[in-house]
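Participant: I'd like to ask some things about the structure below.
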Amino acid sequence: MAKIRIYKVAEQLGMPTYEVLEILKSLGADVKNHMSSIDEDLIELLNEERGVRKQESEKRKKKKEKTIMLEKLPTMKEITRLLDMNMEEIILGLGEWNVIFDSKKPLPPLVVERLAREKDWDIEWKDDLREKTLQALQAETLPRPPIVTILGHVDHGKTTLLDAIRRSKVALSEWGGITQSIGAYQVETNGKKITFVDTPGHEAFTAMRARGAQVTDIAVIVVAADDGVMPQTIEAIQHVKAADVSIIVAINKMDKVNVNPERVKQQLADQGLIPEEWGGEVICINVSALQKKGISDLLEMILLQAELLDLRSRQNGFAIGSIIESRLDRGKGPIATLIVQEGTLRVGDYFVAGATWGKIRSMTGDQNKIIKEALPSTPVEIVGFSDLPPAGTKLMVVEDERIAHLIAEQKQQKERAKSLKGNIGKITSLESLLAPEEGKKRELNIVLKADFQGSVEALEQAISQIPTEEVTINLVSRGVGNINEADIILALASSGIVIGFSVKFPTEVMKIAKQEGVDVRLYRIIYEIVDDIEKALKGMIAPKMVEEVIGKAEVRTVFKIPKVGVISGSYVTDGKIERNAFVRVIRKGEIITESAKISSLKRFKDDVKEVTIGYECGIGIDRFEDFTEGDILQAYIIREE
Ligand code: GDP
């Protein structure tokens, strides 16, 4: 029987290859990619199935049904039919949200609902199916060790404390004196484990959070008893509070003479951290990291706090984790340390980590032992990345290489588009922050910097007096001094803005703010700050602009016209191309140029305002001549939302 390759079938039927593959797979055909072959007979069946799908979707559209009733949890295959999505779309959606999935298992209710929402559908569950499943999923979770970070002012003893904890619990022989840290380690006390992350500072802590990795459960803030609360202690407290992480204070250097822990407690109380013995909630422990005193008390308190937090996670199934460190090794290639957050990570697993992907070739535990699998809260060093993932990236195990590759590729494309676009549309500007988000109370998070403590206080007071009803204004942090990188990162992580009063905004920090899309506003008059916030609250600030794609054309030929330049002979394949639109040139899925203006749009010899689908035209682009056959020209406009 005659065989035909998938891409040929797609061409014949005018369908995208992924759709052909997806339908064939749902019909049980053994196909892998566009080069796989099928019996020609199958084409008819494929076409029929496609017809059925179309009809079903049209029927639903006609009836304007907006609710789907489910009697059992659907599998991925069933969801494709129900929501008229293809498998690829679902995989990419789930990958984008870092939602773990296993195509062989039914999808959990929250995932089904989220997918449905994307397509404007509501899901109704039969009886108490939803609640029962959620309860069952919750019951599947098991307690996990707390993940702890130590933060504080420089020289207050963070490193010494981390070291003292590590040494107090691990026999020296095991270390062999030469063990290299992998960036995190676990200790065991009273039969329970605690994971410590050696974050070098609160900037790194927040930078990770800005990338979406909330790893820490408990932060230990170290304050040297002889020095007391210092500027970086205050910054660390603000960063930890913004992250909504529990705090335990270690008052260190208690071995020194003439130290006064009560004074430290007073200073902490001034920062809103009321010690337990004063009726507050913050546990303070006196320690001497140098003399290794008070360490077991500290560990005990961490465990107690962890118990209160009731930390649990799923242990079965594919793993999700966060990368806390990465480096390039000459022999092994990219290496990263990761903390498993859910599921069990195993050697041989395929994974995606942001725009990188890979297969776990080997795993090393915190004591430099080779391990085969890692449970939640375990730090491991892994080898097998296609590229170096930045710290803070989420890692997610997926079923196979193809899915890993697919998701990573999409993320790469998004990153490229983002870097070309300079982050337009990121939700970190005063006006867009205040745009209401469904089901959420509106919040305005502000990182405040001013020239003097007196100005900070005056501003705090002025801002607190702004009348707000539906919006909560949070001062995520307040401080004296010029705007620095930590401020930008904190604003990014809290989806907030930075307000500077009579301070400098150095160029290198400006670059970071621009790159991350963080809104920084500088003022010299207090009244103007209040006025701007009030205007934003009333929705009077200029509306947010959004992009709308209006059409696509494919380059069929390229010709040079003297004095005019290079023109692409194109065919409009979708929507329309307007003379005034912006265009981006896409080649093999990659964006080659962005935000370009059309310099000429012609049908035959005539200049025209627009060309619609199905017509040929000549398109010239401002300052762009590098057209190649097959390029896609995507036309878009920017309009008010
Ligand atoms: P980090 O910058 O917070 O990591 O601080 P380090 O751990 O590097 O400590 C700074 C200095 O304080 C070092 O000279 C330590 O030996 C010293 N140090 C740390 N902990 C103690 C302590 O409990 N007692 C005394 N006397 N010195 C300490």
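So you can find residues: chains in the structure tokens are A, B, ... in the order shown, residues in each start at 1, and ligands are numbered from 1 in order.
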Dump the neighbourhood of ligand 1 as a JSON list (two decimals) with C-alpha atoms, in the first residue's frame: all residues within 9 Å, distances computed on only C-alpha atoms and all ligand atoms.
Facilitator:
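Dumped to result33.json:
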[["chain", "number", "residue", "atom", "x", "y", "z"],
["A", 150, "ILE", "CA", 19.52, 33.17, 56.20],
["A", 151, "LEU", "CA", 19.55, 36.93, 55.59],
["A", 152, "GLY", "CA", 20.90, 40.00, 57.34],
["A", 153, "HIS", "CA", 23.38, 42.87, 57.37],
["A", 154, "VAL", "CA", 26.91, 42.25, 56.09],
["A", 155, "ASP", "CA", 29.30, 40.89, 58.73],
["A", 156, "HIS", "CA", 26.53, 40.01, 61.15],
["A", 157, "GLY", "CA", 27.46, 36.35, 60.77],
["A", 158, "LYS", "CA", 25.28, 34.76, 58.05],
["A", 159, "THR", "CA", 28.09, 32.66, 56.60],
["A", 160, "THR", "CA", 29.42, 31.67, 60.01],
["A", 161, "LEU", "CA", 25.93, 30.62, 61.10],
["A", 162, "LEU", "CA", 25.29, 28.57, 57.96],
["A", 163, "ASP", "CA", 28.60, 26.87, 58.51],
["A", 200, "PRO", "CA", 24.20, 35.42, 49.20],
["A", 222, "VAL", "CA", 20.66, 37.44, 61.62],
["A", 223, "VAL", "CA", 21.34, 40.54, 63.74],
["A", 224, "ALA", "CA", 24.67, 40.97, 65.48],
["A", 251, "ILE", "CA", 20.55, 37.50, 67.64],
["A", 252, "ASN", "CA", 24.17, 36.58, 66.98],
["A", 253, "LYS", "CA", 27.56, 37.25, 68.55],
["A", 254, "MET", "CA", 26.16, 36.73, 72.04],
["A", 255, "ASP", "CA", 29.65, 35.62, 73.14],
["A", 256, "LYS", "CA", 30.87, 39.20, 72.91],
["A", 257, "VAL", "CA", 31.05, 41.27, 76.05],
["A", 287, "VAL", "CA", 23.12, 32.48, 69.38],
["A", 288, "SER", "CA", 26.85, 32.56, 68.92],
["A", 289, "ALA", "CA", 27.67, 31.25, 65.49],
["A", 290, "LEU", "CA", 31.36, 31.42, 66.27],
["A", 291, "GLN", "CA", 31.10, 29.33, 69.42],
["A", 292, "LYS", "CA", 28.28, 27.18, 67.97],
["A", 293, "LYS", "CA", 25.97, 28.05, 70.86]]
Participant: Extract, using only C-alpha atoms, all DNA, RNA and protein residues at most 10 Å from A:Arg361, discarding same-chain residues fewer than 2 positions from it, and format them as a VMD selection string.
Facilitator: chain A and resid 332 346 to 350 358 to 359 363 372 382 to 385
Participant: Taking the DSSP secondary structure from the backbone, can you list the residues of stretch 176-317 of chain A that are strand (DSSP E), as a VMD selection string?
Facilitator: chain A and resid 184 to 189 192 to 197 218 to 224 246 to 252 283 to 286 312 to 314
Participant: For A:Phe452, which residue among A:Pro74, A:Pro231, A:Gly479, A:Gly517 is the nearest when counting only C-alpha atoms?
Facilitator: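 Residue with the minimum atom-to-atom distance to A:Phe452: A:Gly479.
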Participant: Write out as a list in words which residues come within 12 Å of A:Leu129 when counting only C-alpha atoms, dropping same-chain ones fewer than 5 positions away.
Facilitator: Met69, Leu70, Glu71, Lys72, Leu73, Pro74, Pro108, Pro109, Leu110, Ile123, Glu124, Leu134, Gln135 and Ala136 of chain A
Participant: Those same residues, written as a PDB file, in the first residue's frame with N, CA, C and O atoms?
Facilitator:
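What ended up in selection.pdb:
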ATOM      1  N   MET A  69     -20.688  20.361  31.001  1.00  0.00           N
ATOM      2  CA  MET A  69     -20.966  19.568  32.198  1.00  0.00           C
ATOM      3  C   MET A  69     -20.050  18.349  32.177  1.00  0.00           C
ATOM      4  O   MET A  69     -19.990  17.628  31.192  1.00  0.00           O
ATOM      5  N   LEU A  70     -19.350  18.116  33.241  1.00  0.00           N
ATOM      6  CA  LEU A  70     -18.446  16.964  33.277  1.00  0.00           C
ATOM      7  C   LEU A  70     -18.846  15.977  34.363  1.00  0.00           C
ATOM      8  O   LEU A  70     -19.092  16.360  35.505  1.00  0.00           O
ATOM      9  N   GLU A  71     -18.879  14.712  33.950  1.00  0.00           N
ATOM     10  CA  GLU A  71     -19.266  13.689  34.921  1.00  0.00           C
ATOM     11  C   GLU A  71     -18.061  12.974  35.489  1.00  0.00           C
ATOM     12  O   GLU A  71     -18.129  12.270  36.472  1.00  0.00           O
ATOM     13  N   LYS A  72     -16.952  13.103  34.771  1.00  0.00           N
ATOM     14  CA  LYS A  72     -15.698  12.541  35.306  1.00  0.00           C
ATOM     15  C   LYS A  72     -14.551  13.430  34.853  1.00  0.00           C
ATOM     16  O   LYS A  72     -14.742  14.291  33.985  1.00  0.00           O
ATOM     17  N   LEU A  73     -13.403  13.204  35.441  1.00  0.00           N
ATOM     18  CA  LEU A  73     -12.261  14.037  35.064  1.00  0.00           C
ATOM     19  C   LEU A  73     -11.828  13.671  33.651  1.00  0.00           C
ATOM     20  O   LEU A  73     -11.641  12.496  33.350  1.00  0.00           O
ATOM     21  N   PRO A  74     -11.688  14.651  32.784  1.00  0.00           N
ATOM     22  CA  PRO A  74     -11.323  14.322  31.410  1.00  0.00           C
ATOM     23  C   PRO A  74      -9.822  14.068  31.266  1.00  0.00           C
ATOM     24  O   PRO A  74      -9.019  14.596  32.040  1.00  0.00           O
ATOM     25  N   PRO A 108      -6.414  17.318  36.548  1.00  0.00           N
ATOM     26  CA  PRO A 108      -7.069  17.757  37.790  1.00  0.00           C
ATOM     27  C   PRO A 108      -8.067  18.884  37.528  1.00  0.00           C
ATOM     28  O   PRO A 108      -7.919  19.637  36.558  1.00  0.00           O
ATOM     29  N   PRO A 109      -9.090  19.019  38.380  1.00  0.00           N
ATOM     30  CA  PRO A 109     -10.176  19.975  38.117  1.00  0.00           C
ATOM     31  C   PRO A 109      -9.703  21.404  37.875  1.00  0.00           C
ATOM     32  O   PRO A 109     -10.202  22.067  36.972  1.00  0.00           O
ATOM     33  N   LEU A 110      -8.738  21.871  38.660  1.00  0.00           N
ATOM     34  CA  LEU A 110      -8.333  23.268  38.505  1.00  0.00           C
ATOM     35  C   LEU A 110      -7.684  23.512  37.142  1.00  0.00           C
ATOM     36  O   LEU A 110      -7.840  24.574  36.545  1.00  0.00           O
ATOM     37  N   ILE A 123     -17.033  25.379  33.378  1.00  0.00           N
ATOM     38  CA  ILE A 123     -17.147  23.937  33.627  1.00  0.00           C
ATOM     39  C   ILE A 123     -18.093  23.730  34.793  1.00  0.00           C
ATOM     40  O   ILE A 123     -18.026  24.428  35.798  1.00  0.00           O
ATOM     41  N   GLU A 124     -19.000  22.773  34.609  1.00  0.00           N
ATOM     42  CA  GLU A 124     -19.836  22.394  35.737  1.00  0.00           C
ATOM     43  C   GLU A 124     -19.545  20.946  36.041  1.00  0.00           C
ATOM     44  O   GLU A 124     -19.494  20.115  35.136  1.00  0.00           O
ATOM     45  N   LEU A 134     -10.452  17.321  44.689  1.00  0.00           N
ATOM     46  CA  LEU A 134      -9.505  18.235  45.333  1.00  0.00           C
ATOM     47  C   LEU A 134      -9.091  17.705  46.705  1.00  0.00           C
ATOM     48  O   LEU A 134      -7.926  17.749  47.085  1.00  0.00           O
ATOM     49  N   GLN A 135     -10.074  17.148  47.410  1.00  0.00           N
ATOM     50  CA  GLN A 135      -9.748  16.579  48.721  1.00  0.00           C
ATOM     51  C   GLN A 135      -8.785  15.411  48.576  1.00  0.00           C
ATOM     52  O   GLN A 135      -7.836  15.258  49.343  1.00  0.00           O
ATOM     53  N   ALA A 136      -9.056  14.591  47.562  1.00  0.00           N
ATOM     54  CA  ALA A 136      -8.196  13.417  47.354  1.00  0.00           C
ATOM     55  C   ALA A 136      -6.777  13.871  47.015  1.00  0.00           C
ATOM     56  O   ALA A 136      -5.796  13.298  47.502  1.00  0.00           O
TER      57      ALA A 136
END
Participant: Give me, as number ranges by chain, all polymer residues having an atom no more than 10 Å from A:Tyr18, counting only C-alpha atoms and skipping those fewer than 6 positions away in the same chain.
Facilitator: A: 6-7, 10, 24, 33-34, 86-89
Participant: Could you save the residues just selected, with N, CA, C and O atoms, as a tab-separated table (two decimals), in the first residue's frame?
Facilitator:
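Once written, part_19.tsv looks like this:
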chain	number	residue	atom	x	y	z
A	6	ILE	N	3.75	12.70	6.60
A	6	ILE	CA	2.79	13.58	7.28
A	6	ILE	C	2.79	15.00	6.70
A	6	ILE	O	1.74	15.58	6.48
A	7	TYR	N	3.97	15.53	6.44
A	7	TYR	CA	3.98	16.92	5.97
A	7	TYR	C	3.32	17.05	4.61
A	7	TYR	O	2.73	18.06	4.26
A	10	ALA	N	-0.36	17.08	5.24
A	10	ALA	CA	-0.75	18.42	5.72
A	10	ALA	C	-0.88	19.38	4.55
A	10	ALA	O	-1.83	20.15	4.47
A	24	LEU	N	-4.22	12.08	13.96
A	24	LEU	CA	-3.78	10.72	13.67
A	24	LEU	C	-3.50	9.95	14.96
A	24	LEU	O	-3.86	8.79	15.10
A	33	ASN	N	6.59	12.39	14.00
A	33	ASN	CA	6.74	13.79	13.60
A	33	ASN	C	6.39	13.95	12.13
A	33	ASN	O	5.85	13.03	11.51
A	34	HIS	N	6.70	15.13	11.58
A	34	HIS	CA	6.25	15.42	10.22
A	34	HIS	C	6.88	14.51	9.18
A	34	HIS	O	6.42	14.40	8.05
A	86	ASN	N	-6.02	21.78	20.19
A	86	ASN	CA	-5.21	20.63	19.85
A	86	ASN	C	-4.21	20.37	20.97
A	86	ASN	O	-3.97	21.21	21.82
A	87	MET	N	-3.69	19.16	20.94
A	87	MET	CA	-2.83	18.69	22.02
A	87	MET	C	-1.67	19.66	22.26
A	87	MET	O	-1.32	19.98	23.39
A	88	GLU	N	-1.12	20.14	21.16
A	88	GLU	CA	0.03	21.03	21.24
A	88	GLU	C	-0.32	22.30	22.03
A	88	GLU	O	0.42	22.76	22.89
A	89	GLU	N	-1.50	22.83	21.73
A	89	GLU	CA	-1.95	24.05	22.39
A	89	GLU	C	-2.05	23.83	23.90
A	89	GLU	O	-1.66	24.66	24.70
Participant: Mind giving me the straight-line distance from atom CA of A:Lys605 to atom CA of A:Gln634 in Å, one decimal?
Facilitator: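 Distance between the two atoms: 22.5 Å.
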Participant: Between atom CA of A:Leu448 and atom CA of A:Leu273, what is the distance in Å, rounded to a tenth?
Facilitator: 19.8 Å
Participant: Do you have the atom CA of A:Ile483-atom CA of A:Val215 distance handy?
Facilitator: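 The value is 26.3 Å.
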